[in-house]
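Note sheet for the following structure.
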Amino acid sequence: QVQLVESGGGLVQAGGSLRLSCAASGRTFSTYAMGWFRQAPGKEREFVAAISRNSGRTYYADSVKGRFTISRDNAKNTVYLQMNSLKPEDTAVYFCAASDASERGSWYYATGVQQYHYWGQGTQVTVSS
């Protein structure tokens with residue numbers, strides 16, 4: 001089992017940047033594919049970005065491609081989301097999630113909510129216009 005704690009959210013003006021962090025407990029962090037999702041008020045939770053166990057593969061939603069970068073440091077049990085050129089429509093609660101990939105190989109990543117087994121509590125990102 002893994003516990004996830006996000007940090008780094010806040011209020012930023014349009015065009016600004018934020019870096020989210022997600023710290024994971026446990027000693028098996030490297031066996032999980034990791035992802036970021038977000039949920040705006042009144043909307044369903046949506047995929048933002050994913051990264052494989054070995055960082056060899058990343059995948060982004062079209063809405064954030066070219067602006068957001070996902071990365072991970074397995075030695076620190078942490079996954080990051082660097083968000084640049086933020087827009088008001090990026091306003092949401094951002095969630096970190098872990099997908100057990102111990103039997104799927106180092107290159108596996110996931111993009112569906114149902115594919116993730118563990119979730120953080122979320123961190124609010126608000127982008128003002």
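Chain lettering (A, B, ...) mirrors the order of the structure tokens, residue numbering begins at 1 for each chain separately, and ligand numbering begins at 1 in order of display.
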At a cut-off of 6 Å, using only C-alpha atoms, what residues contact A:Met83? Leave out same-chain residues fewer than 3 positions from it and give the result as a PDB file with N, CA and C atoms, in the first residue's frame.
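Below is the file that was written, out-v2.pdb:
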ATOM      1  N   SER A  17       3.500  30.149 -13.269  1.00  0.00           N
ATOM      2  CA  SER A  17       3.915  28.755 -13.128  1.00  0.00           C
ATOM      3  C   SER A  17       3.737  28.280 -11.691  1.00  0.00           C
ATOM      4  N   LEU A  18       3.524  26.987 -11.570  1.00  0.00           N
ATOM      5  CA  LEU A  18       3.511  26.307 -10.277  1.00  0.00           C
ATOM      6  C   LEU A  18       4.155  24.944 -10.462  1.00  0.00           C
ATOM      7  N   ARG A  19       4.720  24.440  -9.362  1.00  0.00           N
ATOM      8  CA  ARG A  19       5.256  23.089  -9.376  1.00  0.00           C
ATOM      9  C   ARG A  19       4.610  22.298  -8.253  1.00  0.00           C
ATOM     10  N   PHE A  68       2.770  21.569 -19.453  1.00  0.00           N
ATOM     11  CA  PHE A  68       3.012  20.826 -18.215  1.00  0.00           C
ATOM     12  C   PHE A  68       4.059  19.752 -18.458  1.00  0.00           C
TER      13      PHE A  68
END
(request) For A:Arg53, list every protein, DNA or RNA residue within 8 Å, evaluated using only C-alpha atoms, and leave out those in the same chain fewer than 5 positions away; present the list as a list in words. (result)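 My reading of the contact set: Ser30, Thr31, Tyr32, Ala33, Met34, Ala101, Gly105, Ser106, Trp107, Tyr108 and Tyr109 of chain A.
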Any chance you can output those residues with N, CA and C atoms as a compact mmCIF listing (two decimals), in the first residue's frame?
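Output file result27.txt is given in full below:
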# COMPACT_ATOMS: atom_id res chain seq x y z
N SER A 30 8.91 2.69 -6.73
CA SER A 30 9.38 2.44 -8.10
C SER A 30 8.56 1.38 -8.83
N THR A 31 7.68 0.68 -8.12
CA THR A 31 6.83 -0.31 -8.79
C THR A 31 5.49 0.26 -9.23
N TYR A 32 5.29 1.55 -9.01
CA TYR A 32 4.04 2.19 -9.37
C TYR A 32 4.23 3.13 -10.56
N ALA A 33 3.32 3.03 -11.52
CA ALA A 33 3.19 4.09 -12.50
C ALA A 33 2.43 5.22 -11.81
N MET A 34 2.78 6.44 -12.14
CA MET A 34 2.20 7.58 -11.44
C MET A 34 1.46 8.50 -12.41
N ALA A 101 2.09 -1.24 -10.90
CA ALA A 101 2.64 -1.73 -12.16
C ALA A 101 3.69 -2.79 -11.93
N GLY A 105 5.68 -4.16 -15.93
CA GLY A 105 6.92 -3.71 -16.54
C GLY A 105 7.19 -2.24 -16.32
N SER A 106 8.42 -1.89 -16.57
CA SER A 106 8.90 -0.54 -16.25
C SER A 106 8.37 0.53 -17.18
N TRP A 107 7.85 0.15 -18.34
CA TRP A 107 7.43 1.13 -19.33
C TRP A 107 5.93 1.41 -19.29
N TYR A 108 5.23 0.76 -18.39
CA TYR A 108 3.78 0.89 -18.32
C TYR A 108 3.38 2.25 -17.75
N TYR A 109 2.34 2.84 -18.33
CA TYR A 109 1.73 4.01 -17.74
C TYR A 109 0.22 3.90 -17.95
Spatial neighbours of stretch 9-12 of chain A, 6 Å, only C-alpha atoms, chain gap at least 3 places, as a short mmCIF file (atom, residue, chain, number, x, y, z; two decimals) with N, CA and C atoms, in the first residue's frame:
data_model
loop_
_atom_site.label_atom_id
_atom_site.label_comp_id
_atom_site.auth_asym_id
_atom_site.auth_seq_id
_atom_site.Cartn_x
_atom_site.Cartn_y
_atom_site.Cartn_z
N THR A 123 -4.68 18.98 -4.08
CA THR A 123 -4.19 20.32 -3.77
C THR A 123 -4.83 21.31 -4.74
N GLN A 124 -5.30 22.43 -4.21
CA GLN A 124 -6.04 23.40 -5.03
C GLN A 124 -5.09 24.26 -5.84
N VAL A 125 -5.40 24.39 -7.11
CA VAL A 125 -4.69 25.32 -8.00
C VAL A 125 -5.73 26.29 -8.54
N THR A 126 -5.49 27.58 -8.33
CA THR A 126 -6.39 28.61 -8.82
C THR A 126 -5.61 29.59 -9.68
N VAL A 127 -6.07 29.76 -10.91
CA VAL A 127 -5.41 30.66 -11.86
C VAL A 127 -6.34 31.83 -12.12
#
(message) Restricting the calculation to only C-alpha atoms: of A:Gln121, A:Gly16, A:Ser129, A:Cys22, which residue gets closest to A:Pro88?
(response) A:Ser129
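With atom CA of A:Ala61 on one side and atom CA of A:Val48 on the other, the separation reads 5.2 Å.
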(message) Residues near A:Arg67, anyone? I mean within 9 Å using only C-alpha atoms, not counting same-chain ones fewer than 5 positions away, as a ChimeraX atom specification.
(response) /A:82-86
(message) Which residue is closest to A:Ile51? Choose from A:Ala98, A:Val64, A:Ala92, A:Ile70 and count only C-alpha atoms.
(response)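 Between A:Ala98, A:Val64, A:Ala92, A:Ile70, the residue approaching A:Ile51 most closely is A:Ile70.
With distances taken over only C-alpha atoms, A:Gly120 is the one residue among A:Arg27, A:Gly120, A:Lys65, A:Val5 lying closest to A:Phe95.
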(message) My list of candidates is A:Lys76, A:Arg38, A:Lys87, A:Arg104. Which is closest to A:Ser52 when distances are computed with only C-alpha atoms?
(response) A:Arg104
(request) Find the residue from A:Thr58, A:Phe47, A:Ala110, A:Val79 that sits nearest to A:Ser7; use only C-alpha atoms when measuring. (result) A:Val79
